[in-house]
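Before any comments, here is the structure.
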Amino acid sequence: MIKYLGFIDDTGVLEKDPNQRFFGLGLLKFEETAPFYQEVTTLKDRVVSFLPNLKKPFEFKFNKINRSNYRFYYDLLEIYFSFPKNIACIFVVDKMNINFDYSKYFISSWEAYIGYSKLLIKNNLGADDEICIIADFHQKPKSSNKYYETEVKSCNSQIYNVCMIESHASLYVQMIDVLIGAVNFDCKNKFNKNIQTNKIKKGIVEYLKKKLGVTSLSQNITIHKPNYFSVWLFDPKKNASYQRS
């Protein structure tokens with residue numbers, strides 16, 4: 001039996017939005033967190049010393065990559081891949097898919113977010129694994145009586161606890177933010193040929209592909225070395241039964 005800590009973050013929205021075609025969820029699984037955390041903390045200290053005029057506490061976030069800080073994201077990926085037991089699982093929904101309509105299965109986007117989180121976790125647990133989930137915080141809508149933590153914990157006996165925290169408080173959540181962001185970026189650039197490509201971010205994405213030994217992140221993939229890394233492009237028609245969680 002392996003007891004994991006699992007960190008969840010998301011990108012995009014589930015509602016229809018012409019500027020946000022894809023919704024993604026990412027799960028980062030750790031058996032041991034301390035060595036990774038020490039190295040990323042040291043990297044973050046370097047960032048802060050290099051950028052002393054930051055108006056807000058620095059966070060590693062894919063959408064914040066720019067000319068001033070991009071080199072540190074290469075270092076972040078190097079650290080990530082230096083720990084071969086790190087596991088990343090990415091779930092992506094293309095909202096332009098003709099069969100995508102979460103309202104068929106969920107009464108609100110909040111409950112859809114909970115449902116897809118359950119789906120991601122349950123499909124990335126071994127038979128004897130146990131996991132504690134720490135997810136990026138989202139405010140529960142007043143119209144719902146369902147708490148993310150309670151709903152996710154109750155869906156599977158292998159999930160022994162769940163907590164939500166602000167992303168600025170967790171370098172682990174920030175790490176999965178960067179990985180999901182890279183997948184989302186690759187999906188957008190593959191399916192929208194008219195999009196103006198951010199060359200700095202593209203460099204980070206290409207570097208990630210090189211580390212994984214793949215030519216695309218915008219497809220179903222399962223990589224076992226140097227780290228386990230999976231991308232699941234969810235097909236609402238083929239996988240309809242999965243949504244009834």
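By order in the structure tokens, chains are A, B, ...; within a chain, residues start at 1; ligands start at 1, following the order shown.
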Mind the document's chain letters and residue numbers, and return as a ChimeraX atom specification the residues of segment 112-190 of chain A that DSSP labels alpha helix (DSSP H). /A:112-122,148-154,171-190
Dump C-alpha atoms for the selected residues as a short mmCIF file (atom, residue, chain, number, x, y, z; two decimals), in the first residue's frame?
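Printed below is selection.cif as written:
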```cif
data_model
loop_
_atom_site.label_atom_id
_atom_site.label_comp_id
_atom_site.auth_asym_id
_atom_site.auth_seq_id
_atom_site.Cartn_x
_atom_site.Cartn_y
_atom_site.Cartn_z
CA ALA A 112 -19.49 19.42 -12.32
CA TYR A 113 -16.15 20.60 -10.93
CA ILE A 114 -16.59 18.27 -7.97
CA GLY A 115 -17.65 15.41 -10.25
CA TYR A 116 -14.69 15.78 -12.59
CA SER A 117 -12.34 15.97 -9.60
CA LYS A 118 -13.72 12.66 -8.36
CA LEU A 119 -13.28 11.21 -11.84
CA LEU A 120 -9.66 12.34 -12.09
CA ILE A 121 -8.74 10.96 -8.67
CA LYS A 122 -10.53 7.63 -8.95
CA TYR A 148 -15.92 20.04 -2.21
CA GLU A 149 -14.02 18.39 0.63
CA THR A 150 -16.96 16.35 1.90
CA GLU A 151 -18.12 15.24 -1.54
CA VAL A 152 -14.68 14.19 -2.78
CA LYS A 153 -13.76 12.36 0.41
CA SER A 154 -17.02 10.41 0.46
CA LEU A 171 4.33 25.21 -4.04
CA TYR A 172 2.86 21.81 -4.91
CA VAL A 173 -0.37 23.38 -6.20
CA GLN A 174 1.75 25.88 -8.11
CA MET A 175 3.71 23.03 -9.68
CA ILE A 176 0.60 21.34 -11.03
CA ASP A 177 -0.64 24.76 -12.23
CA VAL A 178 2.43 25.00 -14.46
CA LEU A 179 1.98 21.48 -15.86
CA ILE A 180 -1.74 21.93 -16.58
CA GLY A 181 -1.05 25.32 -18.09
CA ALA A 182 1.47 23.79 -20.48
CA VAL A 183 -1.03 21.15 -21.63
CA ASN A 184 -3.76 23.77 -22.05
CA PHE A 185 -1.38 25.97 -24.05
CA ASP A 186 -0.54 23.10 -26.39
CA CYS A 187 -4.22 22.27 -26.88
CA LYS A 188 -5.11 25.87 -27.71
CA ASN A 189 -2.28 26.17 -30.22
CA LYS A 190 -3.17 22.87 -31.90
#
```
Within 10 Å of Ser144 of chain A, counting only C-alpha atoms, which residues qualify if same-chain residues fewer than 6 places away don't, as a PyMOL selection string? chain A and resi 107-108+110-111
Output file for the selection above: N, CA and C atoms, as a PDB file, in the first residue's frame:
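As written to disk, again.pdb reads:
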```pdb
ATOM      1  N   ILE A 107     -26.098  19.584 -11.889  1.00  0.00           N
ATOM      2  CA  ILE A 107     -27.047  20.702 -11.833  1.00  0.00           C
ATOM      3  C   ILE A 107     -26.370  22.064 -11.869  1.00  0.00           C
ATOM      4  N   SER A 108     -25.050  22.090 -11.730  1.00  0.00           N
ATOM      5  CA  SER A 108     -24.329  23.363 -11.759  1.00  0.00           C
ATOM      6  C   SER A 108     -22.873  23.110 -12.120  1.00  0.00           C
ATOM      7  N   TRP A 110     -20.429  24.072 -10.376  1.00  0.00           N
ATOM      8  CA  TRP A 110     -19.768  23.707  -9.118  1.00  0.00           C
ATOM      9  C   TRP A 110     -19.808  22.187  -8.915  1.00  0.00           C
ATOM     10  N   GLU A 111     -20.983  21.615  -9.113  1.00  0.00           N
ATOM     11  CA  GLU A 111     -21.092  20.171  -8.942  1.00  0.00           C
ATOM     12  C   GLU A 111     -20.359  19.417 -10.058  1.00  0.00           C
TER      13      GLU A 111
END
```
I need the residue nearest Lys202 of chain A from this list: A:Asn156, A:Ser49, A:Asn66, A:Asn161. Use only C-alpha atoms for the distance. A:Asn66
List the neighbours of segment 209-224 of chain A out to 7 Å using only C-alpha atoms; skip same-chain residues closer than 4 positions along the sequence, and give me the result as a list in words.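 Once the adjacent positions are removed, what remains is Val183, Asp186, Cys187, Val205, Tyr228, Phe229, Ser230, Val231, Trp232 and Leu233 of chain A.
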Restricting to only C-alpha atoms, whichever of A:Ile204, A:Met1, A:Ile131, A:Val92 is closest to Ser157 of chain A is A:Ile131
Please identify all polymer residues within 6 Å of Gly6 of chain A, counting only C-alpha atoms, omitting same-chain residues fewer than 3 positions from it, and present them as a PyMOL selection string. chain A and resi 28-29+132-133
Dump as a JSON list (two decimals), in the first residue's frame, selection limited to C-alpha atoms:
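Below is the file result-v2.json, written as the result:
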```json
[["chain", "number", "residue", "atom", "x", "y", "z"],
["A", 28, "LEU", "CA", 0.08, 15.76, -8.73],
["A", 29, "LYS", "CA", 0.87, 12.73, -6.55],
["A", 132, "CYS", "CA", -5.05, 12.72, 0.88],
["A", 133, "ILE", "CA", -6.18, 15.47, -1.51]]
```
Have a look at atom CA of Asp128 of chain A and atom CA of Gln158 of chain A and let me know their distance in Å, one decimal.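 Separating atom CA of Asp128 of chain A from atom CA of Gln158 of chain A is a distance of 7.9 Å.
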